[in-house]
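Raw data_15.txt, compact mmCIF, N, CA and C atoms:
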```
# COMPACT_ATOMS: atom_id res chain seq x y z
N MET P 1 3.06 20.02 -16.13
CA MET P 1 4.24 19.69 -15.35
C MET P 1 3.93 18.48 -14.48
N ARG P 2 4.83 17.55 -14.46
CA ARG P 2 4.67 16.34 -13.67
C ARG P 2 5.11 16.60 -12.23
N GLU P 3 4.24 16.22 -11.31
CA GLU P 3 4.55 16.42 -9.89
C GLU P 3 4.26 15.12 -9.15
N GLU P 4 5.15 14.78 -8.24
CA GLU P 4 4.96 13.61 -7.40
C GLU P 4 4.99 14.07 -5.95
N LEU P 5 4.05 13.59 -5.19
CA LEU P 5 3.99 13.94 -3.78
C LEU P 5 4.26 12.70 -2.94
N HIS P 6 5.08 12.84 -1.94
CA HIS P 6 5.39 11.73 -1.03
C HIS P 6 4.99 12.15 0.37
N VAL P 7 4.16 11.34 1.00
CA VAL P 7 3.65 11.65 2.33
C VAL P 7 3.77 10.40 3.20
N ALA P 8 4.05 10.59 4.47
CA ALA P 8 4.06 9.48 5.42
C ALA P 8 3.02 9.76 6.50
N TRP P 9 2.13 8.81 6.69
CA TRP P 9 1.13 8.90 7.76
C TRP P 9 1.55 7.99 8.89
N ALA P 10 1.41 8.47 10.11
CA ALA P 10 1.63 7.63 11.29
C ALA P 10 0.36 6.82 11.56
N ILE P 11 0.55 5.58 11.95
CA ILE P 11 -0.57 4.74 12.38
C ILE P 11 -0.42 4.60 13.89
N GLU P 12 -1.38 5.14 14.62
CA GLU P 12 -1.33 5.14 16.07
C GLU P 12 -2.43 4.27 16.66
N VAL P 13 -2.10 3.63 17.76
CA VAL P 13 -3.07 2.84 18.52
C VAL P 13 -2.93 3.27 19.97
N GLY P 14 -3.97 3.86 20.51
CA GLY P 14 -3.93 4.30 21.91
C GLY P 14 -2.79 5.26 22.19
N GLY P 15 -2.47 6.14 21.23
CA GLY P 15 -1.38 7.10 21.41
C GLY P 15 0.00 6.53 21.16
N GLU P 16 0.08 5.25 20.82
CA GLU P 16 1.37 4.60 20.57
C GLU P 16 1.57 4.43 19.07
N LEU P 17 2.78 4.71 18.59
CA LEU P 17 3.08 4.54 17.18
C LEU P 17 3.09 3.04 16.85
N ALA P 18 2.19 2.63 15.94
CA ALA P 18 2.08 1.23 15.55
C ALA P 18 2.74 0.97 14.20
N GLY P 19 2.89 2.01 13.39
CA GLY P 19 3.49 1.85 12.07
C GLY P 19 3.34 3.10 11.26
N GLN P 20 3.59 2.94 9.95
CA GLN P 20 3.44 4.08 9.05
C GLN P 20 2.94 3.63 7.69
N LEU P 21 2.23 4.53 7.03
CA LEU P 21 1.75 4.32 5.68
C LEU P 21 2.41 5.37 4.81
N LEU P 22 3.20 4.92 3.84
CA LEU P 22 3.85 5.82 2.90
C LEU P 22 2.97 5.93 1.66
N ILE P 23 2.77 7.16 1.20
CA ILE P 23 1.89 7.43 0.07
C ILE P 23 2.69 8.17 -0.99
N HIS P 24 2.74 7.59 -2.18
CA HIS P 24 3.41 8.22 -3.32
C HIS P 24 2.32 8.57 -4.33
N GLU P 25 2.05 9.86 -4.45
CA GLU P 25 0.95 10.33 -5.29
C GLU P 25 1.50 10.92 -6.59
N GLU P 26 1.09 10.35 -7.70
CA GLU P 26 1.43 10.87 -9.04
C GLU P 26 0.30 11.80 -9.44
N THR P 27 0.62 13.07 -9.69
CA THR P 27 -0.43 14.05 -9.95
C THR P 27 -0.56 14.44 -11.42
N GLU P 28 0.21 13.82 -12.30
CA GLU P 28 0.07 14.09 -13.74
C GLU P 28 -1.37 13.81 -14.15
N PRO P 29 -2.08 14.79 -14.72
CA PRO P 29 -3.50 14.60 -15.04
C PRO P 29 -3.81 13.38 -15.90
N ASP P 30 -2.91 13.01 -16.79
CA ASP P 30 -3.17 11.85 -17.65
C ASP P 30 -2.77 10.52 -16.99
N TYR P 31 -2.06 10.56 -15.89
CA TYR P 31 -1.59 9.34 -15.23
C TYR P 31 -1.78 9.39 -13.72
N PRO P 32 -2.91 9.85 -13.23
CA PRO P 32 -3.07 9.97 -11.78
C PRO P 32 -3.12 8.59 -11.11
N SER P 33 -2.24 8.39 -10.16
CA SER P 33 -2.22 7.12 -9.45
C SER P 33 -1.56 7.31 -8.10
N VAL P 34 -1.73 6.32 -7.25
CA VAL P 34 -1.15 6.37 -5.91
C VAL P 34 -0.54 5.00 -5.60
N ALA P 35 0.69 5.01 -5.10
CA ALA P 35 1.36 3.79 -4.66
C ALA P 35 1.52 3.85 -3.14
N PHE P 36 1.30 2.72 -2.50
CA PHE P 36 1.40 2.65 -1.04
C PHE P 36 2.50 1.70 -0.60
N ASP P 37 3.04 1.98 0.57
CA ASP P 37 3.94 1.07 1.27
C ASP P 37 3.56 1.20 2.74
N ILE P 38 3.40 0.08 3.41
CA ILE P 38 2.94 0.12 4.79
C ILE P 38 3.82 -0.77 5.66
N VAL P 39 4.07 -0.31 6.88
CA VAL P 39 4.87 -1.06 7.84
C VAL P 39 4.16 -0.98 9.19
N LEU P 40 3.98 -2.13 9.81
CA LEU P 40 3.41 -2.18 11.16
C LEU P 40 4.37 -2.94 12.07
N ALA P 41 4.49 -2.48 13.30
CA ALA P 41 5.27 -3.22 14.29
C ALA P 41 4.63 -4.60 14.48
N THR P 42 5.44 -5.61 14.66
CA THR P 42 4.97 -7.00 14.73
C THR P 42 3.84 -7.19 15.71
N ARG P 43 3.90 -6.55 16.86
CA ARG P 43 2.86 -6.78 17.87
C ARG P 43 1.49 -6.24 17.46
N PHE P 44 1.44 -5.45 16.37
CA PHE P 44 0.18 -4.92 15.90
C PHE P 44 -0.37 -5.68 14.69
N HIS P 45 0.33 -6.71 14.27
CA HIS P 45 -0.14 -7.51 13.13
C HIS P 45 -1.42 -8.25 13.50
N GLY P 46 -2.24 -8.52 12.48
CA GLY P 46 -3.44 -9.33 12.67
C GLY P 46 -4.63 -8.61 13.25
N ARG P 47 -4.57 -7.31 13.37
CA ARG P 47 -5.68 -6.54 13.95
C ARG P 47 -6.49 -5.78 12.91
N GLY P 48 -6.10 -5.86 11.65
CA GLY P 48 -6.80 -5.13 10.60
C GLY P 48 -6.41 -3.68 10.48
N LEU P 49 -5.34 -3.27 11.17
CA LEU P 49 -4.93 -1.87 11.16
C LEU P 49 -4.43 -1.43 9.79
N GLY P 50 -3.67 -2.29 9.13
CA GLY P 50 -3.15 -1.95 7.81
C GLY P 50 -4.26 -1.79 6.80
N ALA P 51 -5.20 -2.72 6.80
CA ALA P 51 -6.33 -2.65 5.87
C ALA P 51 -7.15 -1.39 6.12
N GLU P 52 -7.39 -1.05 7.38
CA GLU P 52 -8.18 0.14 7.68
C GLU P 52 -7.43 1.41 7.29
N ALA P 53 -6.12 1.46 7.52
CA ALA P 53 -5.33 2.63 7.11
C ALA P 53 -5.39 2.79 5.59
N LEU P 54 -5.29 1.69 4.86
CA LEU P 54 -5.38 1.75 3.40
C LEU P 54 -6.75 2.25 2.95
N ARG P 55 -7.81 1.75 3.57
CA ARG P 55 -9.16 2.20 3.20
C ARG P 55 -9.31 3.71 3.39
N ILE P 56 -8.84 4.21 4.52
CA ILE P 56 -8.93 5.65 4.80
C ILE P 56 -8.14 6.43 3.75
N ALA P 57 -6.92 5.99 3.47
CA ALA P 57 -6.08 6.68 2.49
C ALA P 57 -6.68 6.63 1.09
N ILE P 58 -7.20 5.47 0.71
CA ILE P 58 -7.80 5.33 -0.62
C ILE P 58 -9.01 6.25 -0.77
N ARG P 59 -9.86 6.29 0.24
CA ARG P 59 -11.02 7.18 0.18
C ARG P 59 -10.58 8.64 0.01
N ARG P 60 -9.54 9.04 0.74
CA ARG P 60 -9.05 10.43 0.62
C ARG P 60 -8.44 10.68 -0.75
N MET P 61 -7.75 9.71 -1.28
CA MET P 61 -7.14 9.88 -2.60
C MET P 61 -8.19 9.86 -3.72
N ILE P 62 -9.25 9.11 -3.54
CA ILE P 62 -10.36 9.14 -4.50
C ILE P 62 -10.96 10.55 -4.51
N ALA P 63 -11.11 11.14 -3.33
CA ALA P 63 -11.65 12.50 -3.24
C ALA P 63 -10.73 13.52 -3.93
N ARG P 64 -9.45 13.18 -4.06
CA ARG P 64 -8.49 14.05 -4.74
C ARG P 64 -8.45 13.77 -6.25
N GLY P 65 -9.27 12.83 -6.71
CA GLY P 65 -9.35 12.57 -8.13
C GLY P 65 -8.63 11.32 -8.63
N HIS P 66 -8.09 10.53 -7.73
CA HIS P 66 -7.37 9.33 -8.14
C HIS P 66 -8.32 8.15 -8.33
N HIS P 67 -7.94 7.25 -9.20
CA HIS P 67 -8.78 6.07 -9.45
C HIS P 67 -7.99 4.77 -9.44
N ARG P 68 -6.65 4.83 -9.40
CA ARG P 68 -5.83 3.62 -9.47
C ARG P 68 -4.79 3.64 -8.36
N PHE P 69 -4.65 2.47 -7.70
CA PHE P 69 -3.77 2.36 -6.54
C PHE P 69 -2.95 1.09 -6.65
N THR P 70 -1.70 1.15 -6.19
CA THR P 70 -0.84 -0.04 -6.21
C THR P 70 -0.16 -0.24 -4.87
N ILE P 71 0.22 -1.49 -4.65
CA ILE P 71 1.01 -1.88 -3.48
C ILE P 71 1.79 -3.12 -3.89
N ASP P 72 2.98 -3.33 -3.31
CA ASP P 72 3.81 -4.45 -3.78
C ASP P 72 4.53 -5.18 -2.64
N PRO P 73 3.78 -6.01 -1.91
CA PRO P 73 4.40 -6.80 -0.84
C PRO P 73 5.33 -7.87 -1.41
N THR P 74 6.26 -8.34 -0.60
CA THR P 74 7.10 -9.45 -1.05
C THR P 74 6.21 -10.67 -1.25
N VAL P 75 6.57 -11.52 -2.21
CA VAL P 75 5.72 -12.67 -2.55
C VAL P 75 5.56 -13.62 -1.37
N SER P 76 6.49 -13.62 -0.44
CA SER P 76 6.40 -14.53 0.71
C SER P 76 5.55 -13.98 1.86
N ASN P 77 5.12 -12.73 1.77
CA ASN P 77 4.35 -12.11 2.84
C ASN P 77 2.86 -12.40 2.66
N VAL P 78 2.48 -13.63 2.92
CA VAL P 78 1.12 -14.11 2.69
C VAL P 78 0.10 -13.32 3.51
N ALA P 79 0.42 -12.98 4.74
CA ALA P 79 -0.53 -12.24 5.58
C ALA P 79 -0.82 -10.86 4.98
N ALA P 80 0.20 -10.18 4.51
CA ALA P 80 -0.01 -8.86 3.90
C ALA P 80 -0.83 -8.98 2.63
N ILE P 81 -0.52 -9.96 1.80
CA ILE P 81 -1.24 -10.16 0.55
C ILE P 81 -2.72 -10.40 0.84
N LYS P 82 -3.00 -11.22 1.83
CA LYS P 82 -4.39 -11.49 2.21
C LYS P 82 -5.08 -10.22 2.72
N SER P 83 -4.36 -9.43 3.51
CA SER P 83 -4.91 -8.18 4.02
C SER P 83 -5.24 -7.21 2.89
N TYR P 84 -4.33 -7.06 1.94
CA TYR P 84 -4.54 -6.14 0.82
C TYR P 84 -5.70 -6.62 -0.06
N ALA P 85 -5.80 -7.93 -0.24
CA ALA P 85 -6.91 -8.49 -1.02
C ALA P 85 -8.25 -8.17 -0.33
N SER P 86 -8.26 -8.11 1.00
CA SER P 86 -9.50 -7.81 1.72
C SER P 86 -9.96 -6.37 1.47
N VAL P 87 -9.06 -5.52 1.03
CA VAL P 87 -9.39 -4.14 0.70
C VAL P 87 -9.84 -4.02 -0.76
N GLY P 88 -9.45 -5.00 -1.58
CA GLY P 88 -9.82 -5.00 -2.99
C GLY P 88 -8.66 -5.08 -3.95
N PHE P 89 -7.44 -5.08 -3.44
CA PHE P 89 -6.27 -5.19 -4.31
C PHE P 89 -6.23 -6.57 -4.95
N ARG P 90 -5.80 -6.60 -6.22
CA ARG P 90 -5.70 -7.85 -6.98
C ARG P 90 -4.27 -8.01 -7.51
N PRO P 91 -3.76 -9.23 -7.55
CA PRO P 91 -2.42 -9.45 -8.12
C PRO P 91 -2.44 -9.16 -9.63
N VAL P 92 -1.40 -8.46 -10.10
CA VAL P 92 -1.29 -8.17 -11.52
C VAL P 92 0.07 -8.56 -12.11
N GLY P 93 1.02 -8.95 -11.27
CA GLY P 93 2.32 -9.35 -11.79
C GLY P 93 3.36 -9.47 -10.71
N ILE P 94 4.53 -9.92 -11.12
CA ILE P 94 5.67 -10.09 -10.22
C ILE P 94 6.74 -9.06 -10.57
N LEU P 95 7.23 -8.37 -9.56
CA LEU P 95 8.37 -7.47 -9.71
C LEU P 95 9.60 -8.28 -9.29
N ARG P 96 10.33 -8.75 -10.27
CA ARG P 96 11.46 -9.63 -9.98
C ARG P 96 12.61 -8.89 -9.31
N GLU P 97 13.18 -9.53 -8.31
CA GLU P 97 14.34 -9.01 -7.58
C GLU P 97 14.18 -7.53 -7.22
N SER P 98 13.07 -7.21 -6.60
CA SER P 98 12.75 -5.81 -6.32
C SER P 98 13.25 -5.31 -4.98
N GLU P 99 13.66 -6.22 -4.11
CA GLU P 99 14.04 -5.81 -2.75
C GLU P 99 15.17 -6.70 -2.26
N ARG P 100 16.07 -6.12 -1.49
CA ARG P 100 17.17 -6.88 -0.91
C ARG P 100 16.70 -7.66 0.32
N ASN P 101 17.20 -8.89 0.43
CA ASN P 101 17.04 -9.69 1.65
C ASN P 101 18.05 -9.18 2.67
N PRO P 102 17.83 -9.47 3.94
CA PRO P 102 18.83 -9.10 4.94
C PRO P 102 20.21 -9.72 4.66
N ASP P 103 20.24 -10.88 4.00
CA ASP P 103 21.52 -11.53 3.69
C ASP P 103 22.17 -10.98 2.42
N GLY P 104 21.56 -9.97 1.79
CA GLY P 104 22.13 -9.36 0.60
C GLY P 104 21.59 -9.89 -0.72
N GLY P 105 20.84 -11.01 -0.67
CA GLY P 105 20.23 -11.54 -1.88
C GLY P 105 19.01 -10.72 -2.27
N TRP P 106 18.31 -11.21 -3.27
CA TRP P 106 17.13 -10.50 -3.76
C TRP P 106 15.86 -11.29 -3.49
N ARG P 107 14.75 -10.57 -3.36
CA ARG P 107 13.45 -11.21 -3.29
C ARG P 107 12.47 -10.48 -4.21
N ASP P 108 11.50 -11.24 -4.66
CA ASP P 108 10.49 -10.72 -5.58
C ASP P 108 9.32 -10.11 -4.80
N ALA P 109 8.61 -9.22 -5.48
CA ALA P 109 7.40 -8.62 -4.91
C ALA P 109 6.21 -8.95 -5.80
N LEU P 110 5.06 -8.98 -5.19
CA LEU P 110 3.81 -9.18 -5.92
C LEU P 110 3.20 -7.81 -6.16
N LEU P 111 3.09 -7.41 -7.42
CA LEU P 111 2.44 -6.15 -7.74
C LEU P 111 0.93 -6.36 -7.68
N MET P 112 0.26 -5.54 -6.89
CA MET P 112 -1.19 -5.60 -6.74
C MET P 112 -1.75 -4.22 -7.05
N ASP P 113 -2.92 -4.20 -7.69
CA ASP P 113 -3.55 -2.90 -7.92
C ASP P 113 -5.03 -2.96 -7.58
N LEU P 114 -5.60 -1.78 -7.48
CA LEU P 114 -7.00 -1.62 -7.12
C LEU P 114 -7.52 -0.40 -7.86
N LEU P 115 -8.68 -0.51 -8.47
CA LEU P 115 -9.36 0.63 -9.07
C LEU P 115 -10.39 1.15 -8.07
N ALA P 116 -10.66 2.42 -8.12
CA ALA P 116 -11.52 3.07 -7.11
C ALA P 116 -12.84 2.33 -6.90
N ASP P 117 -13.45 1.85 -7.98
CA ASP P 117 -14.75 1.19 -7.82
C ASP P 117 -14.64 -0.25 -7.31
N GLN P 118 -13.42 -0.69 -7.02
CA GLN P 118 -13.20 -2.04 -6.48
C GLN P 118 -12.90 -2.04 -4.97
N LEU P 119 -12.89 -0.84 -4.37
CA LEU P 119 -12.60 -0.74 -2.94
C LEU P 119 -13.64 -1.52 -2.16
N ILE P 120 -13.18 -2.39 -1.28
CA ILE P 120 -14.06 -3.18 -0.41
C ILE P 120 -14.08 -2.50 0.95
N GLU P 121 -15.24 -2.03 1.32
CA GLU P 121 -15.39 -1.38 2.62
C GLU P 121 -15.60 -2.46 3.64
```

Could you quickly redo this structure as structure tokens?
Amino acid sequence: MREELHVAWAIEVGGELAGQLLIHEETEPDYPSVAFDIVLATRFHGRGLGAEALRIAIRRMIARGHHRFTIDPTVSNVAAIKSYASVGFRPVGILRESERNPDGGWRDALLMDLLADQLIE
């Protein structure tokens, strides 16, 4: 039976909510994988919080038997792409028109993945 688990982790700094990490876990034994989505309040950008939250989550998901992880920032989010690359994520393709712009148009996302043995501590 195919099961998908969705979990949201709070990212806290000094007791203050700084953001959240959404975790989508695919538990099908033949297709085990985890997809992430992360959001940080602007004032917490540039501190390495997102990268550290991802490392913690990836280590926990590896312990649960997962070996493949994905994340898909918008192609224009250079800071996020650089942060994810610092964890070990690599670009693998473009998800065309994957997200709405505030003006109602579409924007593309960069699909990035990471295999368990590629995690950069």

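Across the model, the gap from atom CA of P:Leu54 to atom C of P:Gly14 is 19.3 Å.
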
Using all atoms listed in the file: which of P:Gly65, P:Gly15, P:Gly93, P:Gly105 has the shortest distance to P:Ser33: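 Residue with the minimum atom-to-atom distance to P:Ser33: P:Gly65.
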
Nearest candidate to P:Pro32 (options P:Val7, P:Leu119, P:Ala18, P:Ile62; using only C-alpha atoms):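 With only C-alpha atoms as the atom set, the closest residue is P:Ile62.
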
Option closest in space to P:Leu114, from P:Glu99, P:Leu40, P:Ala35, P:Ala79 [counting only C-alpha atoms]: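 Looking at the shortest contact to P:Leu114, the residue is P:Ala35.
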
Pick from P:Ile120, P:Val39, P:Leu22, P:Leu5, whichever lies nearest to P:Val87 using only C-alpha atoms: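 Among the listed residues, P:Ile120 lies closest to P:Val87.
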
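What separates atom C of P:Gln20 from atom N of P:Thr74 is a distance of 14.9 Å.
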
Separation of atom N of P:Pro73 from atom CA of P:Asp103 in Å: 19.4 Å

How big is the axis-aligned box, and where does its centre sit, when it encloses all atoms of stretch 87-91 of chain P listed in the file and has 5 Å added on every side, reported in Å to one decimal as AutoDock Vina command-line options?
```
--center_x -6.1 --center_y -6.7 --center_z -4.3 --size_x 17.4 --size_y 15.4 --size_z 20.7
```

Within 12 Å of file point (6.8, -12.4, 2.9), counting only C-alpha atoms, expressed as an MDAnalysis selection string: chainID P and resid 72:82 99 101 107:110

Sel. of strand (DSSP E or B) residues, stretch 3-116 of chain P, as a VMD selection string: chain P and resid 4 to 13 16 to 26 33 to 40 68 to 71 74 90 to 100 106 to 115
